[in-house]
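Participant: my_file.cif is reproduced in full below (mmCIF, C-alpha atoms).
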```
data_target
#
loop_
_atom_site.label_atom_id
_atom_site.label_comp_id
_atom_site.auth_asym_id
_atom_site.auth_seq_id
_atom_site.Cartn_x
_atom_site.Cartn_y
_atom_site.Cartn_z
CA MET A 1 49.08 -2.23 53.16
CA ASP A 2 51.54 -4.67 51.65
CA LYS A 3 54.91 -4.59 53.44
CA ASN A 4 56.91 -4.20 50.24
CA LEU A 5 54.72 -1.24 49.31
CA GLU A 6 55.18 0.28 52.77
CA ASN A 7 58.94 -0.04 52.45
CA MET A 8 58.88 1.65 49.07
CA TYR A 9 56.78 4.53 50.40
CA ARG A 10 59.23 4.93 53.28
CA GLN A 11 62.08 5.19 50.77
CA MET A 12 60.05 7.93 49.10
CA SER A 13 59.82 10.00 52.30
CA LEU A 14 56.42 9.04 53.68
CA ASP A 15 55.83 8.60 57.42
CA GLN A 16 53.87 5.62 58.74
CA SER A 17 51.17 7.92 60.13
CA VAL A 18 50.54 9.41 56.68
CA MET A 19 50.47 5.97 55.06
CA ASP A 20 48.00 4.58 57.61
CA TYR A 21 45.69 7.62 57.41
CA CYS A 22 45.59 7.54 53.60
CA ALA A 23 45.27 3.73 53.32
CA ALA A 24 42.11 3.73 55.46
CA ILE A 25 40.48 6.35 53.22
CA GLU A 26 41.50 4.57 50.03
CA GLU A 27 39.85 1.36 51.23
CA GLU A 28 36.55 3.20 51.75
CA LEU A 29 36.61 4.52 48.16
CA ARG A 30 36.94 1.20 46.31
CA GLU A 31 33.28 0.91 45.27
CA ARG A 32 33.25 4.47 44.01
CA PHE A 33 36.41 3.84 42.01
CA GLU A 34 34.69 0.88 40.33
CA VAL A 35 31.99 3.24 39.03
CA ILE A 36 34.68 5.50 37.56
CA ASP A 37 36.23 2.49 35.84
CA ARG A 38 32.90 1.64 34.19
CA VAL A 39 32.61 5.18 32.79
CA ALA A 40 36.19 4.89 31.52
CA GLU A 41 35.35 1.58 29.84
CA TYR A 42 32.39 3.15 28.02
CA ASN A 43 34.45 6.11 26.88
CA GLN A 44 37.31 3.84 25.81
CA LEU A 45 34.93 1.93 23.57
CA LYS A 46 33.52 5.19 22.21
CA VAL A 47 37.01 6.32 21.18
CA ILE A 48 37.87 2.95 19.60
CA HIS A 49 34.57 2.94 17.71
CA ALA A 50 35.28 6.41 16.28
CA MET A 51 38.76 5.33 15.18
CA GLN A 52 37.43 2.17 13.55
CA LYS A 53 34.57 4.01 11.84
CA ASN A 54 37.03 6.44 10.27
CA LYS A 55 39.40 3.64 9.23
CA LEU A 56 42.41 4.88 11.16
CA ALA A 57 45.57 3.42 9.58
CA ALA A 58 49.32 3.56 10.16
CA GLU A 59 49.65 5.89 7.16
CA HIS A 60 47.74 8.54 9.13
CA PHE A 61 50.73 8.91 11.48
CA SER A 62 52.90 10.39 8.72
CA ALA A 63 54.25 13.93 9.08
CA SER A 64 53.34 16.87 6.89
CA THR A 65 55.32 20.08 6.55
CA GLY A 66 54.94 23.50 4.98
CA TYR A 67 51.35 24.24 4.07
CA GLY A 68 50.16 20.82 5.17
CA TYR A 69 47.95 20.31 2.13
CA ASP A 70 46.18 16.94 1.93
CA ASP A 71 47.28 15.80 5.39
CA ALA A 72 45.16 12.65 5.62
CA GLY A 73 46.11 12.04 9.25
CA ARG A 74 45.03 15.51 10.33
CA ASP A 75 41.72 15.22 8.48
CA THR A 76 41.07 11.76 9.94
CA LEU A 77 41.89 12.98 13.44
CA GLU A 78 39.33 15.74 13.10
CA ARG A 79 36.66 13.32 11.92
CA VAL A 80 37.46 11.07 14.89
CA TYR A 81 37.13 13.99 17.31
CA ALA A 82 33.83 15.01 15.76
CA ASP A 83 32.46 11.49 16.25
CA VAL A 84 33.78 11.14 19.80
CA PHE A 85 32.13 14.43 20.78
CA GLY A 86 28.93 13.82 18.83
CA ALA A 87 29.57 16.91 16.70
CA GLN A 88 29.34 17.82 13.01
CA SER A 89 32.91 19.03 12.65
CA ALA A 90 36.20 19.49 14.48
CA LEU A 91 39.35 21.57 14.37
CA VAL A 92 42.25 19.80 16.14
CA ARG A 93 45.59 21.48 15.59
CA PRO A 94 49.09 21.80 17.08
CA GLN A 95 48.94 25.47 16.04
CA ILE A 96 46.46 26.05 18.90
CA THR A 97 48.84 26.81 21.76
CA CYS A 98 46.58 26.33 24.80
CA GLY A 99 43.00 26.27 26.01
CA THR A 100 42.83 30.05 26.26
CA HIS A 101 44.03 30.31 22.66
CA ALA A 102 41.36 27.85 21.51
CA LEU A 103 38.68 29.89 23.28
CA THR A 104 40.06 33.10 21.79
CA VAL A 105 39.93 31.64 18.29
CA ALA A 106 36.32 30.50 18.79
CA LEU A 107 35.21 33.85 20.20
CA ALA A 108 37.01 36.06 17.69
CA ALA A 109 35.85 33.87 14.82
CA ASN A 110 32.17 34.02 15.64
CA LEU A 111 31.75 37.53 17.07
CA ARG A 112 31.69 40.80 15.14
CA PRO A 113 31.81 44.48 16.17
CA GLY A 114 28.53 45.41 17.80
CA ASP A 115 27.86 41.88 19.07
CA GLU A 116 27.63 41.07 22.75
CA LEU A 117 29.18 38.15 24.61
CA LEU A 118 27.27 36.80 27.62
CA SER A 119 28.54 34.61 30.44
CA PRO A 120 25.57 33.22 32.42
CA VAL A 121 27.83 31.42 34.93
CA GLY A 122 29.74 34.37 36.39
CA LYS A 123 33.20 35.70 35.63
CA PRO A 124 35.32 33.41 33.44
CA TYR A 125 38.80 32.10 34.17
CA ASP A 126 41.54 34.69 34.76
CA THR A 127 43.30 34.36 31.40
CA LEU A 128 40.05 34.73 29.43
CA GLN A 129 39.31 38.01 31.20
CA GLY A 130 42.21 39.59 29.32
CA VAL A 131 40.87 38.20 26.05
CA ILE A 132 37.46 39.75 26.68
CA GLY A 133 38.88 43.05 27.92
CA ILE A 134 37.77 42.81 31.56
CA THR A 135 41.35 42.77 32.82
CA LYS A 136 43.36 45.92 32.07
CA ASP A 137 47.06 46.54 31.69
CA GLU A 138 49.12 48.74 34.04
CA GLN A 139 47.90 51.85 32.21
CA GLY A 140 44.25 50.86 32.65
CA ASN A 141 43.76 49.88 29.00
CA SER A 142 42.41 46.66 27.55
CA TYR A 143 45.08 44.37 26.17
CA PRO A 144 45.76 44.83 22.44
CA GLY A 145 43.45 42.66 20.38
CA SER A 146 40.88 42.09 23.15
CA LEU A 147 37.25 41.67 22.14
CA MET A 148 36.35 45.03 23.69
CA GLU A 149 38.97 46.74 21.52
CA TYR A 150 37.00 45.46 18.51
CA GLY A 151 33.72 46.85 19.78
CA ILE A 152 32.38 43.59 21.19
CA THR A 153 30.61 44.16 24.50
CA TYR A 154 30.42 41.79 27.43
CA ARG A 155 27.79 41.02 30.04
CA GLN A 156 27.65 38.42 32.78
CA VAL A 157 25.11 36.95 35.15
CA ASP A 158 26.50 35.49 38.36
CA LEU A 159 25.38 32.18 39.76
CA LEU A 160 23.06 32.34 42.74
CA PRO A 161 24.59 31.77 46.21
CA ASP A 162 23.62 28.08 46.11
CA GLY A 163 25.40 27.61 42.77
CA SER A 164 22.22 27.44 40.69
CA PHE A 165 21.56 29.47 37.54
CA ASP A 166 19.94 32.88 37.89
CA TYR A 167 17.34 32.24 35.20
CA GLU A 168 15.56 35.54 35.74
CA GLY A 169 18.84 37.42 35.50
CA ILE A 170 19.71 35.53 32.31
CA ARG A 171 16.30 36.33 30.84
CA LYS A 172 16.95 40.04 31.40
CA ALA A 173 20.52 39.88 30.09
CA VAL A 174 19.79 38.22 26.74
CA CYS A 175 19.12 40.95 24.22
CA GLN A 176 19.17 41.62 20.49
CA ARG A 177 22.96 42.08 20.51
CA THR A 178 23.63 38.79 22.33
CA LYS A 179 25.47 36.75 19.72
CA LEU A 180 27.41 34.19 21.74
CA VAL A 181 27.00 32.68 25.20
CA THR A 182 30.11 31.25 26.85
CA ILE A 183 29.65 28.59 29.53
CA GLN A 184 32.67 27.59 31.58
CA ARG A 185 32.21 24.02 32.74
CA SER A 186 34.95 23.93 35.36
CA LYS A 187 35.38 26.23 38.33
CA GLY A 188 38.68 27.94 37.44
CA TYR A 189 40.03 29.85 40.45
CA ASP A 190 36.57 30.10 41.96
CA ASN A 191 34.80 28.16 44.67
CA ARG A 192 31.71 27.33 42.68
CA PRO A 193 30.37 23.97 41.50
CA THR A 194 31.59 22.45 38.25
CA LEU A 195 28.72 22.02 35.81
CA SER A 196 27.52 18.60 34.72
CA VAL A 197 26.67 17.98 31.08
CA GLU A 198 23.03 17.63 32.13
CA ARG A 199 23.00 21.06 33.78
CA ILE A 200 24.79 22.60 30.80
CA GLY A 201 22.12 21.11 28.54
CA GLU A 202 19.34 22.59 30.67
CA LEU A 203 20.97 26.02 30.56
CA ILE A 204 21.44 25.88 26.79
CA SER A 205 17.80 24.84 26.29
CA PHE A 206 16.63 27.82 28.35
CA ILE A 207 18.84 30.26 26.43
CA LYS A 208 17.79 28.84 23.05
CA GLU A 209 14.14 29.41 23.99
CA LEU A 210 14.95 33.08 24.60
CA LYS A 211 17.05 33.49 21.43
CA PRO A 212 17.21 30.47 19.10
CA ASP A 213 20.01 31.83 16.90
CA VAL A 214 22.45 32.52 19.74
CA ILE A 215 25.69 30.50 19.66
CA CYS A 216 26.26 28.50 22.86
CA MET A 217 29.93 27.70 23.46
CA VAL A 218 31.25 25.53 26.30
CA ASP A 219 34.74 25.79 27.75
CA ASN A 220 35.16 22.05 28.29
CA CYS A 221 38.63 22.13 29.86
CA TYR A 222 39.16 19.46 32.55
CA GLY A 223 35.76 17.86 31.87
CA GLU A 224 36.38 15.59 28.90
CA PHE A 225 35.65 11.88 29.52
CA VAL A 226 34.57 12.42 33.13
CA GLU A 227 31.01 11.58 32.05
CA THR A 228 29.72 9.41 29.22
CA MET A 229 28.39 12.47 27.36
CA GLU A 230 30.04 15.69 26.18
CA PRO A 231 28.37 19.14 25.99
CA THR A 232 28.02 18.96 22.19
CA GLU A 233 25.73 15.97 22.76
CA ALA A 234 23.59 18.15 25.04
CA GLY A 235 23.03 21.06 22.67
CA ALA A 236 26.27 23.08 22.68
CA ASP A 237 27.05 24.67 19.32
CA LEU A 238 30.78 24.75 20.10
CA CYS A 239 32.91 22.90 22.62
CA VAL A 240 36.51 23.94 23.23
CA GLY A 241 39.48 22.48 25.07
CA SER A 242 43.21 21.84 25.31
CA LEU A 243 45.13 18.76 24.25
CA ILE A 244 47.51 19.06 27.20
CA LYS A 245 44.53 18.40 29.43
CA ASN A 246 42.24 15.35 29.39
CA PRO A 247 41.87 14.54 25.67
CA GLY A 248 45.61 14.50 24.98
CA GLY A 249 46.06 11.61 27.38
CA GLY A 250 49.45 12.97 28.48
CA LEU A 251 51.01 12.23 25.08
CA ALA A 252 49.99 15.31 23.09
CA PRO A 253 52.90 17.75 23.38
CA VAL A 254 50.78 20.80 22.43
CA GLY A 255 47.48 21.67 20.78
CA GLY A 256 43.83 22.38 21.24
CA TYR A 257 40.47 21.39 19.81
CA ILE A 258 37.22 23.03 18.78
CA VAL A 259 34.23 20.80 17.96
CA GLY A 260 30.66 21.65 17.09
CA LYS A 261 28.43 22.75 14.26
CA GLU A 262 30.21 22.85 10.95
CA ALA A 263 29.45 26.50 10.14
CA TYR A 264 30.92 27.74 13.43
CA VAL A 265 33.95 25.42 13.29
CA ASP A 266 34.68 26.62 9.76
CA GLN A 267 34.67 30.20 11.05
CA CYS A 268 37.22 29.12 13.66
CA ALA A 269 39.43 27.59 10.97
CA PHE A 270 39.38 30.83 8.97
CA ARG A 271 40.41 32.74 12.09
CA LEU A 272 43.16 30.29 13.05
CA THR A 273 44.73 30.27 9.58
CA ALA A 274 43.39 32.86 7.11
CA PRO A 275 40.14 33.73 5.33
CA GLY A 276 39.85 31.52 2.31
CA LEU A 277 42.32 28.93 3.62
CA GLY A 278 40.65 27.55 6.72
CA LYS A 279 41.12 23.85 7.43
CA GLU A 280 43.01 23.18 4.19
CA VAL A 281 46.35 24.30 5.63
CA GLY A 282 48.25 23.50 8.82
CA ALA A 283 51.14 21.04 8.92
CA THR A 284 51.10 18.47 11.71
CA LEU A 285 54.92 18.09 11.85
CA GLY A 286 54.86 14.46 12.97
CA MET A 287 52.45 14.92 15.89
CA ASN A 288 49.54 12.90 14.52
CA GLN A 289 50.56 9.66 16.24
CA SER A 290 50.83 11.38 19.63
CA PHE A 291 47.43 13.00 19.11
CA PHE A 292 45.76 9.72 18.16
CA GLN A 293 47.46 7.65 20.84
CA GLY A 294 46.82 10.30 23.49
CA LEU A 295 43.12 10.34 22.61
CA PHE A 296 43.10 6.54 22.77
CA LEU A 297 44.51 6.61 26.32
CA ALA A 298 42.51 9.65 27.47
CA PRO A 299 39.52 7.81 29.06
CA VAL A 300 41.77 5.72 31.32
CA VAL A 301 44.14 8.60 32.11
CA THR A 302 41.16 10.80 33.00
CA ALA A 303 39.79 8.07 35.26
CA GLY A 304 43.07 7.94 37.18
CA ALA A 305 43.07 11.71 37.62
CA LEU A 306 39.44 11.60 38.76
CA LYS A 307 40.25 9.00 41.40
CA GLY A 308 43.08 11.23 42.61
CA ALA A 309 40.72 14.19 42.94
CA ILE A 310 38.22 12.18 44.98
CA PHE A 311 41.02 10.79 47.14
CA ALA A 312 42.29 14.34 47.79
CA ALA A 313 38.80 15.56 48.70
CA ASN A 314 38.38 12.86 51.31
CA ILE A 315 41.92 13.21 52.70
CA TYR A 316 41.57 16.94 53.34
CA GLU A 317 37.88 17.14 54.17
CA ARG A 318 38.39 14.81 57.12
CA LEU A 319 41.16 17.07 58.35
CA GLY A 320 38.67 19.95 58.51
CA PHE A 321 39.54 21.78 55.30
CA PRO A 322 36.67 23.01 53.08
CA VAL A 323 36.79 21.17 49.74
CA ILE A 324 34.89 21.65 46.48
CA PRO A 325 33.46 19.24 45.47
CA ASN A 326 33.15 17.53 48.83
CA GLY A 327 34.20 13.97 49.41
CA SER A 328 30.90 12.37 48.38
CA GLU A 329 29.51 14.65 45.65
CA PRO A 330 29.25 13.56 42.00
CA ARG A 331 32.24 14.66 39.90
CA TYR A 332 32.14 16.56 36.61
CA ASP A 333 35.79 17.51 36.15
CA ILE A 334 39.20 16.41 37.42
CA ILE A 335 39.91 19.50 39.55
CA GLN A 336 39.83 19.39 43.33
CA ALA A 337 39.75 22.68 45.21
CA VAL A 338 40.97 22.66 48.82
CA THR A 339 40.70 25.85 50.86
CA LEU A 340 43.83 25.84 53.01
CA GLY A 341 43.34 29.20 54.69
CA THR A 342 46.94 30.43 54.87
CA PRO A 343 49.71 31.11 52.36
CA GLU A 344 52.03 28.79 54.31
CA LYS A 345 49.71 25.81 53.85
CA LEU A 346 49.14 26.61 50.18
CA ILE A 347 52.87 26.75 49.53
CA ALA A 348 53.52 23.57 51.57
CA PHE A 349 50.86 21.66 49.64
CA CYS A 350 52.47 22.63 46.33
CA LYS A 351 55.93 21.71 47.64
CA GLY A 352 54.64 18.20 48.35
CA ILE A 353 53.16 17.83 44.87
CA GLN A 354 56.42 18.99 43.30
CA ALA A 355 58.40 16.53 45.42
CA ALA A 356 56.21 13.71 44.07
CA ALA A 357 56.91 14.57 40.43
CA PRO A 358 58.97 12.39 38.09
CA VAL A 359 60.49 15.53 36.55
CA ASP A 360 62.09 18.37 38.57
CA SER A 361 61.19 16.75 41.88
CA TYR A 362 64.24 18.40 43.48
CA VAL A 363 63.12 22.00 42.85
CA THR A 364 60.98 24.14 45.15
CA PRO A 365 57.99 25.97 43.63
CA GLU A 366 57.70 29.68 44.43
CA PRO A 367 54.84 32.15 43.89
CA TRP A 368 55.34 34.46 40.91
CA ALA A 369 53.52 36.99 38.76
CA MET A 370 52.27 34.75 35.95
CA PRO A 371 51.14 36.51 32.75
CA GLY A 372 47.35 36.82 32.57
CA TYR A 373 46.73 36.52 36.33
CA SER A 374 45.75 39.29 38.73
CA SER A 375 47.82 38.04 41.68
CA ASP A 376 50.92 35.95 42.28
CA VAL A 377 50.36 32.27 41.56
CA ILE A 378 52.22 29.22 42.83
CA MET A 379 52.37 26.21 40.54
CA ALA A 380 53.74 22.74 41.17
CA ALA A 381 54.18 20.64 38.05
CA GLY A 382 57.02 18.28 37.32
CA ALA A 383 55.62 17.23 33.97
CA PHE A 384 56.90 15.59 30.80
CA VAL A 385 54.98 18.25 28.84
CA GLN A 386 55.36 21.80 30.14
CA GLY A 387 52.11 23.05 31.66
CA SER A 388 50.27 19.79 31.08
CA SER A 389 47.51 19.74 33.66
CA ILE A 390 46.45 16.18 32.93
CA GLU A 391 49.79 15.36 34.54
CA LEU A 392 50.08 15.71 38.32
CA SER A 393 49.96 19.38 39.22
CA ALA A 394 48.65 21.85 41.76
CA ASP A 395 48.36 25.60 41.68
CA GLY A 396 46.62 28.50 43.33
CA PRO A 397 46.64 32.28 43.58
CA LEU A 398 48.25 33.84 46.65
CA ARG A 399 45.07 35.54 47.81
CA GLU A 400 42.20 34.82 50.17
CA PRO A 401 40.97 32.18 50.87
CA TYR A 402 44.28 30.55 49.82
CA ALA A 403 42.69 27.68 47.92
CA VAL A 404 44.78 25.16 46.02
CA TYR A 405 43.56 23.53 42.83
CA PHE A 406 44.84 19.99 42.41
CA GLN A 407 44.47 18.01 39.21
CA GLY A 408 45.93 15.32 37.04
CA GLY A 409 48.11 12.28 37.36
CA LEU A 410 48.77 10.12 34.30
CA THR A 411 48.13 7.10 36.53
CA TRP A 412 46.04 6.72 39.66
CA TYR A 413 49.11 5.57 41.55
CA HIS A 414 50.98 8.76 40.79
CA ALA A 415 47.98 10.91 41.74
CA LYS A 416 47.72 8.96 45.01
CA TYR A 417 51.41 9.42 45.81
CA GLY A 418 51.19 13.14 45.03
CA ILE A 419 48.36 13.69 47.49
CA MET A 420 50.16 11.69 50.15
CA MET A 421 53.29 13.82 49.65
CA SER A 422 51.27 17.05 49.90
CA LEU A 423 49.98 15.87 53.26
CA GLN A 424 53.45 14.72 54.32
CA GLN A 425 54.88 18.18 53.60
CA MET A 426 52.28 19.87 55.78
CA VAL A 427 52.83 17.35 58.57
CA THR A 428 56.60 17.89 58.35
CA GLU A 429 56.19 21.66 58.57
CA GLY A 430 53.87 21.34 61.58
CA LEU A 431 50.87 22.78 59.70
CA VAL A 432 48.69 19.65 60.08
CA LYS A 433 48.43 17.03 62.79
CA LEU A 434 47.18 13.48 62.17
#
```
Once you've parsed the file, please lay out its structure as structure tokens.

Facilitator:
Amino acid sequence: MDKNLENMYRQMSLDQSVMDYCAAIEEELRERFEVIDRVAEYNQLKVIHAMQKNKLAAEHFSASTGYGYDDAGRDTLERVYADVFGAQSALVRPQITCGTHALTVALAANLRPGDELLSPVGKPYDTLQGVIGITKDEQGNSYPGSLMEYGITYRQVDLLPDGSFDYEGIRKAVCQRTKLVTIQRSKGYDNRPTLSVERIGELISFIKELKPDVICMVDNCYGEFVETMEPTEAGADLCVGSLIKNPGGGLAPVGGYIVGKEAYVDQCAFRLTAPGLGKEVGATLGMNQSFFQGLFLAPVVTAGALKGAIFAANIYERLGFPVIPNGSEPRYDIIQAVTLGTPEKLIAFCKGIQAAAPVDSYVTPEPWAMPGYSSDVIMAAGAFVQGSSIELSADGPLREPYAVYFQGGLTWYHAKYGIMMSLQQMVTEGLVKL
């Protein structure tokens, strides 16, 4: 390592032993990082091509207020998203508050009383369980407005122990009432494999053979631009995500997207705004430039976060910690799960990530009862945009097996420093020996 760089790392609280250990692993990953850069280059060109095709101009950065009628920037942004994702239509709005909200809009828009929702990949992420009605309040009731409260039933088929699809179980689960199938690409707070676009396509093909008119929706959070294809290019009818994750490139201050077949996206627009209004209303309030520029940067930002995840996997796997994915597996999202085994190690890891942040680096993260989660959660995130998980962050529920979920980093160098600081914190507290 360059001496000037070593001196800077020392100023930023890193021991020589941590630097040497991490530098050796980084050197071994250079060829793999070059592959990631080639994927980023392809996706960068795909985004530029979509912007050029739709004649993006400076006038599209103008703000709209009130109803937002005739917002040319908003309409152009949605055409760009549709082209980038290989879809017929898109809904990209600052009025969508988060990924869970985007999923809720898509589900509520396309399901009706008496329909059934099926998850063929096991239980969905914690916050979506409240939306469905799986999670109950303190009185044992579904949350107001949940799908179950509207007479929409839910069924799930768990993955097999090896992480493969239970095709026979899915065959039995699909019935006349099955209207929509939700497929979560990433692992959430679960130690199961993230799904590749290829595997998602295979699953959708199988389900469509059983029931051709079923709607297949993919929760694409954390997976955008990791591969050269998106789920809508592999048969998904709807694909949903958050702009404060990969596609916002760290510049989008809020928002979410829904892309897919026009009829289903239109239903989502009517749910988000009002029946009869749909996509015609929705002021962008000066955010168009951030949305466009964030999307422009997203392939490179995602590549940096992906390198950080692979770096983390190798750092901790060689110290004996179980990691998912492991250090050599193909990657299909930016999340790295590390099973730390004790609450002390989980908390120390998050302290290190927080200490590496550009914002609020001086504060100490503490576990707390976050809304929508079944146990206390610790979160480390010193971000420019609150809750932005394309920025460097780490979180995990305070429950067995005490796994931490690391993601993000607007640059590879920041992701690298964050992982080094997480290790430094555990070394300092005597929880890990190098």

Participant: Counting all atoms listed in the file, which residue out of A:Ser374, A:Asn54, A:Phe61, A:Glu429 sits closest to Glu138 in chain A?

Facilitator: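 Using all atoms listed in the file, Glu138 in chain A sits closest to A:Ser374.
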
Participant: Need to verify the contact set: Met370 in chain A, 12 Å, only C-alpha atoms, exclusion of same-chain residues closer than 4 positions in sequence. Can you return it as a list of chain:residue names?

Facilitator: A:Asp126, A:Thr127, A:Glu366, A:Ser374, A:Ser375, A:Asp376, A:Val377, A:Ile378, A:Met379, A:Asp395, A:Gly396, A:Pro397, A:Leu398

Participant: In Å, rounded to a single decimal, give me how far CA of Leu128 in chain A is from CA of Ser242 in chain A.

Facilitator: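 Separating CA of Ser242 in chain A from CA of Leu128 in chain A is a distance of 13.9 Å.
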
Participant: Hey, can you pull every residue with an atom no more than 8 Å from (43.4, 27.6, 23.1), using all atoms listed in the file, and send it as a PyMOL selection string?

Facilitator: chain A and resi 96-105+240-242+255-257

Participant: Pick out the closest residue to Tyr264 in chain A from this set: A:Gln52, A:Ser13, A:Ser89, A:Thr228. Count all atoms listed in the file.

Facilitator: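 Using all atoms listed in the file, the shortest distance to Tyr264 in chain A belongs to A:Ser89.
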
Participant: Which value, in Å to one decimal, gives the distance between CA of Ala57 in chain A and CA of Asn288 in chain A?

Facilitator: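 Distance between the two atoms: 11.4 Å.
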
Participant: Quick check on the file I pasted: which residues fall under the PyMOL selection byres ((chain A and resi 404) around 12)? Write them as a ChimeraX atom specification.

Facilitator: /A:188-191,312-313,316,321-324,335-351,353,377-380,393-403,405-407,422

Participant: Identify which of the residues A:Ile132, A:Leu434, A:Ala305, A:Ala298 lies closest to Asn246 in chain A, counting all atoms listed in the file when measuring atom-to-atom distances.

Facilitator: A:Ala298

Participant: Range 107-126 of chain A near range 197-215 of chain A within 10 Å: what's each residue's closest atom pair and its distance in Å to one decimal, counting only C-alpha atoms, ordered by chain then ascending residue number, as CSV?

Facilitator:
```
residue,atom,partner,partner_atom,distance
A:Asn110,CA,A:Ile215,CA,8.4
A:Leu111,CA,A:Ile215,CA,9.6
A:Leu117,CA,A:Ile215,CA,9.8
A:Pro120,CA,A:Leu203,CA,8.7
A:Val121,CA,A:Leu203,CA,9.8
```

Participant: Using the chain letters and residue numbers of this document, give as a list of chain:residue names the residues selected by the PyMOL selection byres ((chain A and resi 412-420) around 6).

Facilitator: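 Applying the PyMOL selection byres ((chain A and resi 412-420) around 6) to the structure shown produces A:Gly304, A:Gly308, A:Ile353, A:Ala356, A:Gly409, A:Thr411, A:Met421, A:Ser422, A:Leu423.
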
Participant: Between CA of Thr135 in chain A and CA of Pro275 in chain A, what distance in Å does the model show, to one decimal?

Facilitator: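 If I compute the distance from CA of Thr135 in chain A to CA of Pro275 in chain A, I get 29.0 Å.
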
Participant: Expand the PyMOL selection byres ((chain A and resi 267) around 8) into the individual residues it matches in the shown file, reporting them as a PyMOL selection string.

Facilitator: chain A and resi 106+109-110+263-266+268-271+278

Participant: Smallest atom-to-atom distance to Ile310 in chain A: which of A:Gly408, A:Ala274, A:Gly73, A:Gln129, using only C-alpha atoms?

Facilitator: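 The answer is A:Gly408, which sits nearest to Ile310 in chain A.
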
Participant: If you count all atoms listed in the file, which residues fall within 9 Å of range 30-41 of chain A, apart from same-chain ones fewer than 6 positions away, as number ranges by chain?

Facilitator: A: 225-228, 298-304, 306-307

Participant: Residues at most 7 Å from Ser119 in chain A, counting all atoms listed in the file, excluding those fewer than 3 positions away in the same chain, as a ChimeraX atom specification?

Facilitator: /A:122,155-157,181-183

Participant: Just to be explicit: take each residue in the selection above, keep C-alpha atoms, and write the result as an mmCIF file, in the coordinates of the input.

Facilitator:
```
data_model
loop_
_atom_site.group_PDB
_atom_site.id
_atom_site.type_symbol
_atom_site.label_atom_id
_atom_site.label_comp_id
_atom_site.auth_asym_id
_atom_site.auth_seq_id
_atom_site.Cartn_x
_atom_site.Cartn_y
_atom_site.Cartn_z
ATOM 1 C CA GLY A 122 29.740 34.370 36.390
ATOM 2 C CA ARG A 155 27.790 41.020 30.040
ATOM 3 C CA GLN A 156 27.650 38.420 32.780
ATOM 4 C CA VAL A 157 25.110 36.950 35.150
ATOM 5 C CA VAL A 181 27.000 32.680 25.200
ATOM 6 C CA THR A 182 30.110 31.250 26.850
ATOM 7 C CA ILE A 183 29.650 28.590 29.530
#
```

Participant: Could you pull the residues within 12 Å of Asp115 in chain A, counting all atoms listed in the file, minus those fewer than 5 positions along the same chain, as a ChimeraX atom specification?

Facilitator: /A:107-108,110,147-148,150-155,174-181,214-215

Participant: Please work out which residues fall within 12 Å of (51.7, 13.3, 3.3), coordinates as given in the file, with only C-alpha atoms counting, and return them as number ranges by chain.

Facilitator: A: 59-75, 283-286, 288

Participant: Considering only C-alpha atoms, can you say which of A:Ile244, A:Ala50, A:Tyr332, A:Leu392 comes closest to Ser361 in chain A?

Facilitator: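 So, comparing all the options, the nearest one is A:Leu392.
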
Participant: Need the shell around Asp360 in chain A: protein/DNA/RNA residues with any atom at most 12 Å away, counting all atoms listed in the file. Skip same-chain ones fewer than 2 positions apart. Format as a PyMOL selection string?

Facilitator: chain A and resi 351+353-358+362-365+380-384+386
